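Below is input_18.cif, which holds mmCIF, C-alpha atoms.
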data_start
#
loop_
_atom_site.label_atom_id
_atom_site.label_comp_id
_atom_site.auth_asym_id
_atom_site.auth_seq_id
_atom_site.Cartn_x
_atom_site.Cartn_y
_atom_site.Cartn_z
CA MET A 1 -147.48 37.83 135.16
CA ASP A 2 -144.83 35.16 135.15
CA ARG A 3 -145.15 31.84 136.84
CA ILE A 4 -142.77 32.39 139.78
CA LYS A 5 -144.38 35.66 140.82
CA LEU A 6 -147.83 34.09 140.61
CA ASP A 7 -146.74 31.13 142.72
CA ALA A 8 -145.22 33.49 145.28
CA TRP A 9 -148.43 35.50 145.63
CA VAL A 10 -150.56 32.37 145.94
CA GLY A 11 -148.07 31.02 148.48
CA ILE A 12 -148.37 34.20 150.53
CA PHE A 13 -152.15 34.01 150.33
CA VAL A 14 -152.33 30.37 151.44
CA ALA A 15 -149.83 31.02 154.24
CA LEU A 16 -151.91 34.00 155.43
CA GLY A 17 -155.03 31.86 155.41
CA LEU A 18 -153.37 29.09 157.39
CA ILE A 19 -151.89 31.58 159.86
CA ALA A 20 -155.37 33.06 160.36
CA LEU A 21 -156.80 29.60 160.95
CA MET A 22 -154.04 28.79 163.43
CA GLY A 23 -154.62 32.14 165.10
CA LEU A 24 -158.30 31.38 165.42
CA ALA A 25 -157.54 27.99 166.92
CA MET A 26 -154.84 29.15 169.33
CA LYS A 27 -155.64 32.73 170.22
CA VAL A 28 -159.43 32.89 169.83
CA GLY A 29 -160.40 29.29 170.50
CA ASN A 30 -159.49 26.97 173.32
CA LEU A 31 -157.20 24.56 171.51
CA THR A 32 -154.25 25.51 173.70
CA SER A 33 -156.06 25.79 177.02
CA ASN A 34 -157.91 22.57 176.33
CA ASP A 35 -155.19 20.40 177.81
CA ILE A 36 -157.57 17.78 179.18
CA LYS A 37 -156.59 14.79 177.11
CA THR A 38 -156.84 11.47 178.86
CA THR A 39 -159.92 11.25 180.99
CA TYR A 40 -161.89 8.77 183.01
CA TYR A 41 -165.63 8.64 183.42
CA VAL A 42 -167.62 8.75 186.63
CA THR A 43 -171.37 8.95 186.99
CA ALA A 44 -173.63 10.56 189.53
CA ASN A 45 -177.40 10.48 190.02
CA PHE A 46 -179.32 13.66 190.61
CA GLU A 47 -182.99 14.08 191.38
CA ASN A 48 -182.93 17.42 189.63
CA ILE A 49 -180.18 18.77 187.42
CA GLY A 50 -181.73 22.20 186.87
CA GLY A 51 -180.18 23.74 183.77
CA LEU A 52 -177.07 21.58 183.62
CA LYS A 53 -176.04 20.82 180.05
CA PRO A 54 -173.59 18.45 178.39
CA ARG A 55 -170.09 19.98 178.15
CA ALA A 56 -170.67 22.05 181.29
CA PRO A 57 -167.50 22.27 183.40
CA VAL A 58 -166.79 20.04 186.37
CA LYS A 59 -164.89 22.06 188.93
CA SER A 60 -163.16 21.35 192.19
CA ALA A 61 -162.03 24.29 194.31
CA GLY A 62 -162.86 26.44 191.28
CA VAL A 63 -160.43 24.64 188.97
CA VAL A 64 -161.89 22.96 185.90
CA VAL A 65 -161.07 19.26 186.27
CA GLY A 66 -163.39 17.83 183.64
CA ARG A 67 -166.58 18.20 181.68
CA VAL A 68 -170.08 16.79 181.74
CA ASP A 69 -170.16 14.15 179.05
CA SER A 70 -173.80 13.14 178.88
CA ILE A 71 -177.03 13.45 180.80
CA VAL A 72 -179.70 10.76 180.55
CA PHE A 73 -182.94 10.17 182.38
CA ASP A 74 -183.37 6.77 184.01
CA THR A 75 -186.99 5.65 184.08
CA LYS A 76 -186.28 2.92 186.65
CA ILE A 77 -185.30 5.28 189.43
CA TYR A 78 -186.68 8.49 187.89
CA GLU A 79 -183.41 10.29 188.32
CA ALA A 80 -180.96 11.94 185.97
CA ILE A 81 -177.70 10.09 185.43
CA VAL A 82 -174.87 12.51 184.70
CA THR A 83 -171.68 11.11 183.21
CA MET A 84 -168.60 13.23 183.75
CA SER A 85 -165.23 12.89 182.06
CA ILE A 86 -162.52 13.87 184.50
CA ASP A 87 -158.88 14.56 183.74
CA GLU A 88 -156.70 11.61 184.61
CA ARG A 89 -154.31 13.82 186.56
CA TYR A 90 -156.95 14.43 189.20
CA VAL A 91 -158.11 11.69 191.54
CA PHE A 92 -160.88 12.01 194.08
CA PRO A 93 -161.81 9.94 197.17
CA LYS A 94 -164.72 7.51 196.93
CA ASP A 95 -166.92 9.66 199.17
CA THR A 96 -166.57 12.79 197.04
CA PHE A 97 -169.59 15.06 197.11
CA ALA A 98 -171.04 16.28 193.78
CA ASN A 99 -173.08 19.50 193.84
CA ILE A 100 -174.72 21.42 191.04
CA TYR A 101 -173.85 25.08 191.40
CA THR A 102 -174.64 28.19 189.39
CA ALA A 103 -171.85 30.51 188.28
CA GLY A 104 -172.97 33.95 189.35
CA LEU A 105 -176.59 34.95 189.57
CA LEU A 106 -177.54 34.23 185.97
CA GLY A 107 -174.55 32.19 184.87
CA GLU A 108 -174.29 28.67 183.56
CA GLN A 109 -174.56 25.70 185.87
CA TYR A 110 -171.62 23.46 186.67
CA ILE A 111 -170.79 20.51 188.87
CA GLY A 112 -168.65 21.17 191.90
CA LEU A 113 -166.75 18.26 193.40
CA GLU A 114 -165.86 18.36 197.10
CA ALA A 115 -163.38 15.76 198.19
CA GLY A 116 -164.25 13.54 201.14
CA GLY A 117 -161.94 11.64 203.47
CA ASP A 118 -162.09 8.10 202.09
CA PRO A 119 -158.62 6.56 201.58
CA ASP A 120 -159.78 4.79 198.39
CA ASN A 121 -160.05 6.81 195.20
CA LEU A 122 -162.77 6.91 192.57
CA GLU A 123 -161.97 4.70 189.64
CA ALA A 124 -163.19 4.74 186.06
CA ASN A 125 -166.96 4.17 185.74
CA ASP A 126 -167.50 4.52 189.47
CA LYS A 127 -170.58 6.22 190.82
CA ILE A 128 -170.58 9.24 193.09
CA THR A 129 -173.25 8.45 195.65
CA GLN A 130 -173.42 11.72 197.53
CA THR A 131 -175.00 14.39 195.40
CA GLN A 132 -176.86 17.59 195.89
CA ASP A 133 -179.40 18.78 193.35
CA ALA A 134 -179.55 22.07 191.58
CA VAL A 135 -181.30 24.82 193.48
CA VAL A 136 -184.76 25.36 192.07
CA LEU A 137 -185.87 28.88 192.77
CA GLU A 138 -189.55 28.00 193.14
CA LYS A 139 -188.80 25.36 195.77
CA LEU A 140 -186.60 27.79 197.64
CA ILE A 141 -189.31 30.46 197.68
CA SER A 142 -192.03 28.05 198.77
CA GLN A 143 -189.77 26.75 201.54
CA PHE A 144 -189.12 30.31 202.67
CA LEU A 145 -192.83 31.17 202.66
CA TYR A 146 -193.61 27.97 204.56
CA ASN A 147 -191.03 28.83 207.21
CA GLN A 148 -192.40 32.36 207.53
CA ALA A 149 -195.93 31.02 207.96
CA SER A 150 -194.92 28.52 210.63
CA LYS A 151 -193.00 31.24 212.50
CA GLU A 152 -196.05 33.46 212.65
CA GLU A 153 -198.07 30.61 214.13
CA ASP A 154 -195.71 30.32 217.09
CA MET B 1 -205.70 34.03 132.20
CA LEU B 2 -204.35 30.95 130.45
CA ASP B 3 -201.32 32.96 129.42
CA PHE B 4 -200.63 33.70 133.05
CA PHE B 5 -200.55 30.05 134.06
CA GLU B 6 -198.52 29.20 131.00
CA LYS B 7 -195.95 31.76 132.09
CA ILE B 8 -195.75 30.36 135.62
CA GLY B 9 -195.39 26.85 134.32
CA GLY B 10 -192.77 27.92 131.81
CA THR B 11 -190.73 29.73 134.45
CA ILE B 12 -190.80 26.77 136.83
CA ARG B 13 -189.91 24.37 134.05
CA SER B 14 -186.97 26.46 132.92
CA LYS B 15 -185.75 26.77 136.53
CA ILE B 16 -185.89 23.01 136.97
CA THR B 17 -184.12 22.46 133.67
CA ARG B 18 -181.38 24.87 134.73
CA LEU B 19 -181.03 23.11 138.08
CA GLY B 20 -180.60 19.83 136.23
CA ALA B 21 -178.04 21.37 133.90
CA ALA B 22 -176.14 22.82 136.87
CA THR B 23 -176.08 19.39 138.53
CA ARG B 24 -174.80 17.85 135.30
CA LEU B 25 -172.07 20.49 135.14
CA PHE B 26 -171.18 19.74 138.76
CA PHE B 27 -170.71 16.04 138.09
CA SER B 28 -168.76 16.62 134.89
CA ILE B 29 -166.46 18.96 136.90
CA ILE B 30 -165.96 16.19 139.45
CA SER B 31 -165.16 13.68 136.72
CA TYR B 32 -162.64 16.05 135.10
CA SER B 33 -161.07 17.03 138.44
CA SER B 34 -158.14 14.65 138.08
CA ASP B 35 -157.04 16.63 135.01
CA SER B 36 -157.08 19.89 136.92
CA PHE B 37 -154.97 18.36 139.69
CA LYS B 38 -152.48 17.02 137.15
CA ARG B 39 -152.06 20.52 135.75
CA PHE B 40 -152.22 22.27 139.07
CA ASN B 41 -150.65 25.49 137.76
CA LEU B 42 -154.00 26.27 136.12
CA THR B 43 -155.67 26.05 139.53
CA ILE B 44 -152.92 28.16 141.11
CA ARG B 45 -153.57 30.85 138.50
CA GLU B 46 -157.24 30.87 139.45
CA ILE B 47 -156.43 30.96 143.17
CA TYR B 48 -154.46 34.10 142.38
CA PHE B 49 -157.44 35.71 140.65
CA THR B 50 -160.12 34.67 143.12
CA GLY B 51 -158.10 34.67 146.33
CA VAL B 52 -155.14 37.01 146.26
CA LEU B 53 -157.01 39.77 144.46
CA SER B 54 -159.91 39.49 146.94
CA LEU B 55 -157.59 39.91 149.92
CA VAL B 56 -157.83 43.68 150.10
CA ILE B 57 -161.63 43.88 150.17
CA ILE B 58 -161.79 40.98 152.66
CA VAL B 59 -159.24 42.43 155.06
CA VAL B 60 -160.63 45.97 154.97
CA SER B 61 -164.27 44.95 155.39
CA ALA B 62 -163.36 42.43 158.11
CA PHE B 63 -161.55 45.10 160.07
CA PHE B 64 -164.52 47.45 159.89
CA VAL B 65 -167.04 44.70 160.71
CA GLY B 66 -164.96 43.77 163.75
CA MET B 67 -164.73 47.38 164.90
CA VAL B 68 -168.47 47.93 164.50
CA LEU B 69 -169.20 44.72 166.40
CA GLY B 70 -166.91 45.96 169.16
CA LEU B 71 -168.67 49.32 169.40
CA GLN B 72 -172.21 47.95 169.20
CA GLY B 73 -171.42 45.10 171.56
CA TYR B 74 -169.91 47.44 174.10
CA TYR B 75 -172.95 49.71 173.95
CA THR B 76 -175.26 46.84 174.93
CA LEU B 77 -172.96 44.94 177.28
CA GLN B 78 -172.03 47.92 179.43
CA LYS B 79 -175.71 48.29 180.35
CA TYR B 80 -175.40 44.93 182.08
CA GLY B 81 -172.00 45.72 183.52
CA SER B 82 -170.28 42.96 181.62
CA SER B 83 -168.23 44.83 179.07
CA GLU B 84 -165.41 42.26 179.43
CA ALA B 85 -167.62 39.79 177.55
CA ILE B 86 -167.11 41.89 174.43
CA GLY B 87 -164.32 39.61 173.24
CA VAL B 88 -166.63 36.60 173.39
CA LEU B 89 -169.35 38.46 171.52
CA VAL B 90 -167.07 39.64 168.73
CA ALA B 91 -165.30 36.29 168.35
CA LEU B 92 -168.42 34.13 168.40
CA ALA B 93 -170.33 36.40 166.02
CA LEU B 94 -167.43 36.40 163.57
CA VAL B 95 -166.37 32.78 163.78
CA ARG B 96 -169.85 31.27 163.72
CA GLU B 97 -171.77 33.60 161.42
CA LEU B 98 -170.32 36.77 159.99
CA GLY B 99 -166.96 35.37 158.91
CA PRO B 100 -168.30 32.70 156.55
CA VAL B 101 -171.44 34.59 155.46
CA VAL B 102 -169.99 38.03 154.74
CA THR B 103 -166.95 36.47 153.10
CA ALA B 104 -169.22 34.41 150.87
CA LEU B 105 -171.27 37.48 149.91
CA LEU B 106 -168.13 39.46 149.12
CA PHE B 107 -166.69 36.46 147.32
CA ALA B 108 -169.82 36.20 145.15
CA GLY B 109 -169.58 39.90 144.34
CA ARG B 110 -165.84 40.08 143.80
CA ALA B 111 -164.81 36.69 142.39
CA GLY B 112 -168.10 35.09 141.32
CA THR B 113 -169.01 37.87 138.93
CA ALA B 114 -165.53 37.81 137.44
CA ILE B 115 -165.80 34.07 136.81
CA THR B 116 -169.23 34.40 135.21
CA ALA B 117 -168.23 37.32 132.99
CA GLU B 118 -165.00 35.63 131.93
CA ILE B 119 -166.59 32.31 130.99
CA GLY B 120 -169.61 34.03 129.45
CA LEU B 121 -167.35 36.14 127.25
CA MET B 122 -165.27 33.11 126.32
CA LYS B 123 -168.47 31.47 125.19
CA ALA B 124 -169.67 34.58 123.34
CA THR B 125 -166.37 34.87 121.47
CA GLU B 126 -166.54 31.14 120.75
CA GLN B 127 -163.30 30.32 122.56
CA LEU B 128 -165.01 27.38 124.24
CA SER B 129 -166.18 25.98 120.90
CA ALA B 130 -162.66 26.44 119.52
CA MET B 131 -161.32 24.36 122.40
CA GLU B 132 -163.80 21.63 121.72
CA MET B 133 -162.70 21.65 118.09
CA MET B 134 -159.14 21.02 119.29
CA ALA B 135 -160.41 18.10 121.39
CA VAL B 136 -159.69 20.01 124.59
CA SER B 137 -162.58 19.76 127.00
CA PRO B 138 -163.51 23.26 128.20
CA VAL B 139 -164.78 21.76 131.44
CA ALA B 140 -161.37 20.26 132.17
CA ARG B 141 -159.34 23.25 130.97
CA ILE B 142 -161.49 26.21 132.09
CA VAL B 143 -164.24 25.20 134.51
CA ALA B 144 -162.69 22.59 136.82
CA PRO B 145 -159.62 24.65 137.82
CA ARG B 146 -161.88 27.57 138.75
CA PHE B 147 -164.09 25.26 140.79
CA TRP B 148 -161.21 23.89 142.84
CA ALA B 149 -159.68 27.33 143.22
CA GLY B 150 -162.99 28.55 144.67
CA ILE B 151 -163.18 25.66 147.13
CA ILE B 152 -159.59 26.20 148.29
CA THR B 153 -159.92 29.97 148.45
CA MET B 154 -163.20 30.40 150.32
CA PRO B 155 -162.23 28.77 153.68
CA LEU B 156 -158.91 30.60 153.67
CA LEU B 157 -160.61 33.93 153.02
CA ALA B 158 -163.19 33.23 155.73
CA SER B 159 -160.44 32.40 158.24
CA ILE B 160 -158.62 35.61 157.37
CA PHE B 161 -161.90 37.52 157.69
CA SER B 162 -162.62 36.12 161.15
CA MET B 163 -159.10 36.70 162.43
CA VAL B 164 -158.87 40.25 161.11
CA GLY B 165 -162.36 40.96 162.45
CA VAL B 166 -161.32 39.81 165.93
CA LEU B 167 -158.30 42.11 165.69
CA GLY B 168 -160.65 44.96 164.67
CA GLY B 169 -162.81 44.26 167.70
CA TYR B 170 -159.67 44.20 169.84
CA VAL B 171 -158.58 47.61 168.52
CA VAL B 172 -161.92 49.14 169.49
CA ALA B 173 -162.34 47.33 172.80
CA VAL B 174 -158.89 47.52 174.35
CA PRO B 175 -157.05 50.68 173.28
CA LEU B 176 -160.08 52.85 172.45
CA ILE B 177 -162.69 51.86 175.06
CA GLY B 178 -160.33 50.56 177.70
CA VAL B 179 -161.60 47.05 178.34
CA ASP B 180 -159.04 44.98 180.21
CA GLU B 181 -156.82 43.17 177.72
CA GLY B 182 -156.44 40.00 179.78
CA ALA B 183 -160.19 39.67 180.28
CA PHE B 184 -160.79 40.29 176.58
CA TRP B 185 -158.64 37.34 175.45
CA SER B 186 -159.20 34.97 178.35
CA GLN B 187 -163.00 35.22 178.25
CA MET B 188 -162.82 34.70 174.50
CA GLN B 189 -160.68 31.59 174.88
CA ALA B 190 -162.90 30.22 177.61
CA ASN B 191 -166.06 30.51 175.54
CA VAL B 192 -165.01 29.85 171.95
CA ASP B 193 -164.70 26.14 171.41
CA PHE B 194 -162.46 24.80 168.67
CA ASN B 195 -164.61 21.83 167.69
CA TYR B 196 -168.00 23.46 168.07
CA ASP B 197 -167.41 26.99 166.85
CA ILE B 198 -164.31 27.23 164.70
CA VAL B 199 -164.70 23.91 162.89
CA ASN B 200 -168.39 24.59 162.25
CA GLY B 201 -167.53 28.00 160.80
CA PHE B 202 -164.91 26.33 158.62
CA ILE B 203 -167.43 23.74 157.36
CA LYS B 204 -169.83 26.56 156.54
CA SER B 205 -167.22 28.41 154.53
CA VAL B 206 -166.38 25.27 152.52
CA VAL B 207 -170.06 24.73 151.69
CA PHE B 208 -170.51 28.39 150.73
CA GLY B 209 -167.40 28.15 148.57
CA ILE B 210 -168.84 25.20 146.67
CA ALA B 211 -172.22 26.92 146.26
CA CYS B 212 -170.86 30.30 145.12
CA THR B 213 -168.35 28.81 142.70
CA ILE B 214 -170.72 26.35 141.09
CA ILE B 215 -173.37 29.05 140.65
CA ALA B 216 -170.86 31.46 139.10
CA LEU B 217 -169.48 28.76 136.80
CA PHE B 218 -172.89 27.56 135.71
CA GLU B 219 -174.22 31.04 135.02
CA GLY B 220 -171.19 31.78 132.87
CA TYR B 221 -171.31 28.44 131.10
CA ASP B 222 -175.04 28.77 130.47
CA ALA B 223 -175.07 32.46 129.49
CA PRO B 224 -176.55 33.37 126.11
CA PRO B 225 -173.58 34.33 123.90
CA THR B 226 -174.48 38.00 123.66
CA ALA B 227 -173.41 41.11 125.53
CA GLU B 228 -176.82 41.32 127.14
CA GLY B 229 -176.80 37.64 128.02
CA VAL B 230 -173.44 37.92 129.79
CA SER B 231 -174.51 40.98 131.75
CA ARG B 232 -177.72 39.25 132.85
CA ALA B 233 -175.80 36.14 133.82
CA THR B 234 -173.45 38.24 135.95
CA THR B 235 -176.36 39.83 137.77
CA ARG B 236 -177.98 36.44 138.32
CA THR B 237 -174.73 35.14 139.79
CA VAL B 238 -174.78 37.75 142.54
CA VAL B 239 -178.49 37.34 143.28
CA THR B 240 -178.53 33.55 143.25
CA SER B 241 -175.27 33.23 145.19
CA SER B 242 -176.42 35.62 147.91
CA LEU B 243 -179.75 33.87 148.32
CA ALA B 244 -178.10 30.45 148.28
CA VAL B 245 -175.57 31.51 150.91
CA LEU B 246 -178.21 32.92 153.24
CA GLY B 247 -180.52 29.95 152.79
CA LEU B 248 -177.72 27.41 153.24
CA ASP B 249 -176.55 29.33 156.29
CA PHE B 250 -179.91 28.84 157.96
CA VAL B 251 -179.97 25.13 157.12
CA LEU B 252 -176.39 24.54 158.28
CA THR B 253 -176.85 26.53 161.47
CA SER B 254 -179.98 24.64 162.42
CA PHE B 255 -178.11 21.37 161.86
CA MET B 256 -175.11 22.49 163.87
CA LEU B 257 -177.05 23.88 166.81
CA THR B 258 -178.95 20.65 167.39
CA VAL B 259 -175.73 18.64 167.74
#

Show how you would write the structure in this file as structure tokens.
Amino acid sequence: MDRIKLDAWVGIFVALGLIALMGLAMKVGNLTSNDIKTTYYVTANFENIGGLKPRAPVKSAGVVVGRVDSIVFDTKIYEAIVTMSIDERYVFPKDTFANIYTAGLLGEQYIGLEAGGDPDNLEANDKITQTQDAVVLEKLISQFLYNQASKEED
Amino acid sequence: MLDFFEKIGGTIRSKITRLGAATRLFFSIISYSSDSFKRFNLTIREIYFTGVLSLVIIVVSAFFVGMVLGLQGYYTLQKYGSSEAIGVLVALALVRELGPVVTALLFAGRAGTAITAEIGLMKATEQLSAMEMMAVSPVARIVAPRFWAGIITMPLLASIFSMVGVLGGYVVAVPLIGVDEGAFWSQMQANVDFNYDIVNGFIKSVVFGIACTIIALFEGYDAPPTAEGVSRATTRTVVTSSLAVLGLDFVLTSFMLTV
């Protein structure tokens, strides 16, 4: 086989490989939808994060506005400190409420942000003070049983 | 009884010697690599033989693997009422595991054996010695171009495998079963991460490419110069490559999952 034909075939092969890789990145992966580029960090303390994991979405009104960056345990206050990276395009008031929700019945956990009414906005490295922990099923059941028991006493 | 232990010891010693020889070959390939980049048309020729000629088997098997994943995935997922997640299942299985691993196994069978047989026969017919006589290093002229061709080819083949497999899964899920097309792609895009899934799969395929190629080259280079020796070396290439790929896959996956 002569040189030009060989080069052409190899060129086709390499092009196919690169197209497949691009296809994987664009069509299968999230390279295109991942348009969160410049972000700022805010932290929030939770007494219990449940099954929240790094890279879990941070949503507000159901729209993904950022991701959980890291979760560490602070032995001074015995609480979890969750650092979130939030898209620069979105700003939230200082008294924003951070909740840990579960997507669906068995789905992954995410942080839901509910905007407050403060005129000042959260800035980089600020702390969200109002948080609500993840729902722990055992606590919920024991609370329910406790309520039932106290009702029967009345 | 003593014979028995002697045999065990001899086997282990010969394995270790061969490992050392393979490592030596690896480093001499690295040191001769500049030559194979200077005469890149040699490498292009090898890319043609290992890559272009493997395309058909890769594409066809990827399409069938994707279709089977689609069918099997649908069977399980519909029990939980989440058949839309089939796109995620097919894409993650292919990109993270099956793409690199099955491609490497096919690569070892299709291209690795060819490399071993070719180099083994060259050695048996004393072409390699003839080159040395002409002061041409066989490692630079024969071995190094094949090594680089293998490294370039393997990730490209694995990418093609994954992409075609996803298309196979799409063909089964959307037109045949009737899963919603939008849900199929959007759930896939929401759950397949470029950095964590696709790049990790790519890294795997590069590592498998290095492993398969170096094993094939070494077996050929080390084969006894007889017909029987070459045939045994070819068999060993497939066995060793497959085991190396599966073992490396476990190691790499356990590294990647902890991150």

*Rounded to one decimal in Å, what is the spacing between atom CA of B:Phe64 and atom CA of B:Leu167?*
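Distance reported for this atom pair: 10.0 Å.
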
_Shortest interatomic distance to A:Ile49 - which of A:Glu138, A:Ile111, A:Ala15, A:Val64, counting only C-alpha atoms_ = A:Ile111

*Fewer than 6 positions away in the same chain doesn't count, so skip those; otherwise give me all residues within 8 Å of B:Gly73, counting only C-alpha atoms, as an MDAnalysis selection string.*
chainID B and resid 86 89:90

Under the rule of at most 8 Å, produce a per-residue listing of chain A near chain B: chain, number, name, the closest pair of atoms, and the distance in Å, as a Markdown table, using only C-alpha atoms.
| residue | atom | partner | partner_atom | distance |
| --- | --- | --- | --- | --- |
| A:Leu6 | CA | B:Tyr48 | CA | 6.9 |
| A:Asp7 | CA | B:Ile44 | CA | 7.0 |
| A:Trp9 | CA | B:Val52 | CA | 6.9 |
| A:Val10 | CA | B:Tyr48 | CA | 5.6 |
| A:Phe13 | CA | B:Val52 | CA | 5.9 |
| A:Val14 | CA | B:Leu156 | CA | 7.0 |
| A:Leu16 | CA | B:Ile160 | CA | 7.2 |
| A:Gly17 | CA | B:Leu156 | CA | 4.4 |
| A:Leu18 | CA | B:Leu156 | CA | 6.8 |
| A:Ala20 | CA | B:Ile160 | CA | 5.1 |
| A:Leu21 | CA | B:Ser159 | CA | 5.3 |
| A:Gly23 | CA | B:Met163 | CA | 6.9 |
| A:Leu24 | CA | B:Met163 | CA | 6.2 |
| A:Ala25 | CA | B:Phe194 | CA | 6.1 |
| A:Lys27 | CA | B:Gln189 | CA | 7.0 |
| A:Val28 | CA | B:Gln189 | CA | 5.4 |
| A:Gly29 | CA | B:Val192 | CA | 4.9 |
| A:Asn30 | CA | B:Gln189 | CA | 5.0 |
| A:Leu31 | CA | B:Phe194 | CA | 6.0 |
| A:Ser33 | CA | B:Gln189 | CA | 7.7 |

*List the residues matched by the PyMOL selection byres ((chain A and resi 120-130) around 8) in the displayed structure as a VMD selection string, ordered by chain and then by residue number.*
chain A and resid 40 to 45 91 to 98 118 to 119 131 to 132

Could you write out the selected residues, including C-alpha atoms, as a PDB file, in the coordinates of the input?
ATOM      1  CA  TYR A  40    -161.890   8.770 183.010  1.00  0.00           C
ATOM      2  CA  TYR A  41    -165.630   8.640 183.420  1.00  0.00           C
ATOM      3  CA  VAL A  42    -167.620   8.750 186.630  1.00  0.00           C
ATOM      4  CA  THR A  43    -171.370   8.950 186.990  1.00  0.00           C
ATOM      5  CA  ALA A  44    -173.630  10.560 189.530  1.00  0.00           C
ATOM      6  CA  ASN A  45    -177.400  10.480 190.020  1.00  0.00           C
ATOM      7  CA  VAL A  91    -158.110  11.690 191.540  1.00  0.00           C
ATOM      8  CA  PHE A  92    -160.880  12.010 194.080  1.00  0.00           C
ATOM      9  CA  PRO A  93    -161.810   9.940 197.170  1.00  0.00           C
ATOM     10  CA  LYS A  94    -164.720   7.510 196.930  1.00  0.00           C
ATOM     11  CA  ASP A  95    -166.920   9.660 199.170  1.00  0.00           C
ATOM     12  CA  THR A  96    -166.570  12.790 197.040  1.00  0.00           C
ATOM     13  CA  PHE A  97    -169.590  15.060 197.110  1.00  0.00           C
ATOM     14  CA  ALA A  98    -171.040  16.280 193.780  1.00  0.00           C
ATOM     15  CA  ASP A 118    -162.090   8.100 202.090  1.00  0.00           C
ATOM     16  CA  PRO A 119    -158.620   6.560 201.580  1.00  0.00           C
ATOM     17  CA  THR A 131    -175.000  14.390 195.400  1.00  0.00           C
ATOM     18  CA  GLN A 132    -176.860  17.590 195.890  1.00  0.00           C
TER      19      GLN A 132
END

_For A:Lys59, the nearest of the candidates A:Ala80, A:Ile141, A:Met22, A:Ala115, counting only C-alpha atoms_ = A:Ala115

*Do a neighbour search on stretch 216-221 of chain B at 8 Å with only C-alpha atoms, toss out local chain neighbours closer than 2 positions, and write the hits as a PyMOL selection string.*
chain B and resi 22+25+108+112-113+115-120+123+143+146-147+212-214+223+230+233-234+236-237+241

*asked:* Please determine, counting all atoms listed in the file, which residue among B:Pro224, B:Gly182, B:Gly247, B:Gly165 has the shortest atom-to-atom distance to B:Val60.
replied: B:Gly165

*Given the file shown, enumerate the residues that the PyMOL selection byres ((chain A and resi 53) around 8) captures and present them as a PyMOL selection string.*
chain A and resi 51-52+54-56+68+71+109

*May I have the residues within 8 Å of B:Ile151 as an MDAnalysis selection string, using only C-alpha atoms and disregarding those fewer than 6 positions away in the same chain?*
chainID B and resid 206 209:210 213

Centre and size of axis-aligned box enclosing stretch 57-62 of chain A plus 4 Å each side, as lines of an AutoDock Vina configuration file:
center_x = -164.8
center_y = 23.2
center_z = 188.9
size_x = 13.5
size_y = 14.4
size_z = 18.9

What residues come out when you apply the PyMOL selection byres ((chain B and resi 138) around 12) to this file, written as a PDB file with C-alpha atoms, in the frame of the given file?
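Below is the file that was written, selection37.pdb:
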ATOM      1  CA  LEU B  25    -172.070  20.490 135.140  1.00  0.00           C
ATOM      2  CA  SER B  28    -168.760  16.620 134.890  1.00  0.00           C
ATOM      3  CA  ILE B  29    -166.460  18.960 136.900  1.00  0.00           C
ATOM      4  CA  TYR B  32    -162.640  16.050 135.100  1.00  0.00           C
ATOM      5  CA  ASP B  35    -157.040  16.630 135.010  1.00  0.00           C
ATOM      6  CA  SER B  36    -157.080  19.890 136.920  1.00  0.00           C
ATOM      7  CA  ILE B 119    -166.590  32.310 130.990  1.00  0.00           C
ATOM      8  CA  MET B 122    -165.270  33.110 126.320  1.00  0.00           C
ATOM      9  CA  LYS B 123    -168.470  31.470 125.190  1.00  0.00           C
ATOM     10  CA  GLU B 126    -166.540  31.140 120.750  1.00  0.00           C
ATOM     11  CA  GLN B 127    -163.300  30.320 122.560  1.00  0.00           C
ATOM     12  CA  LEU B 128    -165.010  27.380 124.240  1.00  0.00           C
ATOM     13  CA  SER B 129    -166.180  25.980 120.900  1.00  0.00           C
ATOM     14  CA  ALA B 130    -162.660  26.440 119.520  1.00  0.00           C
ATOM     15  CA  MET B 131    -161.320  24.360 122.400  1.00  0.00           C
ATOM     16  CA  GLU B 132    -163.800  21.630 121.720  1.00  0.00           C
ATOM     17  CA  MET B 133    -162.700  21.650 118.090  1.00  0.00           C
ATOM     18  CA  MET B 134    -159.140  21.020 119.290  1.00  0.00           C
ATOM     19  CA  ALA B 135    -160.410  18.100 121.390  1.00  0.00           C
ATOM     20  CA  VAL B 136    -159.690  20.010 124.590  1.00  0.00           C
ATOM     21  CA  SER B 137    -162.580  19.760 127.000  1.00  0.00           C
ATOM     22  CA  VAL B 139    -164.780  21.760 131.440  1.00  0.00           C
ATOM     23  CA  ALA B 140    -161.370  20.260 132.170  1.00  0.00           C
ATOM     24  CA  ARG B 141    -159.340  23.250 130.970  1.00  0.00           C
ATOM     25  CA  ILE B 142    -161.490  26.210 132.090  1.00  0.00           C
ATOM     26  CA  VAL B 143    -164.240  25.200 134.510  1.00  0.00           C
ATOM     27  CA  ALA B 144    -162.690  22.590 136.820  1.00  0.00           C
ATOM     28  CA  PRO B 145    -159.620  24.650 137.820  1.00  0.00           C
ATOM     29  CA  ARG B 146    -161.880  27.570 138.750  1.00  0.00           C
ATOM     30  CA  LEU B 217    -169.480  28.760 136.800  1.00  0.00           C
ATOM     31  CA  TYR B 221    -171.310  28.440 131.100  1.00  0.00           C
TER      32      TYR B 221
END

*asked:* Could you check the closest approach to A:Tyr110 for each of A:Val82, A:Leu140, A:Met26, A:Val58 and tell me which residue wins, using only C-alpha atoms?
replied: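 Smallest distance to A:Tyr110 is found for A:Val58.
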
*For atom CA of B:Gly169 and atom CA of B:Val102, determine how far apart the two atoms are, in Å to one decimal place.*
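Separation of atom CA of B:Gly169 and atom CA of B:Val102: 16.1 Å.
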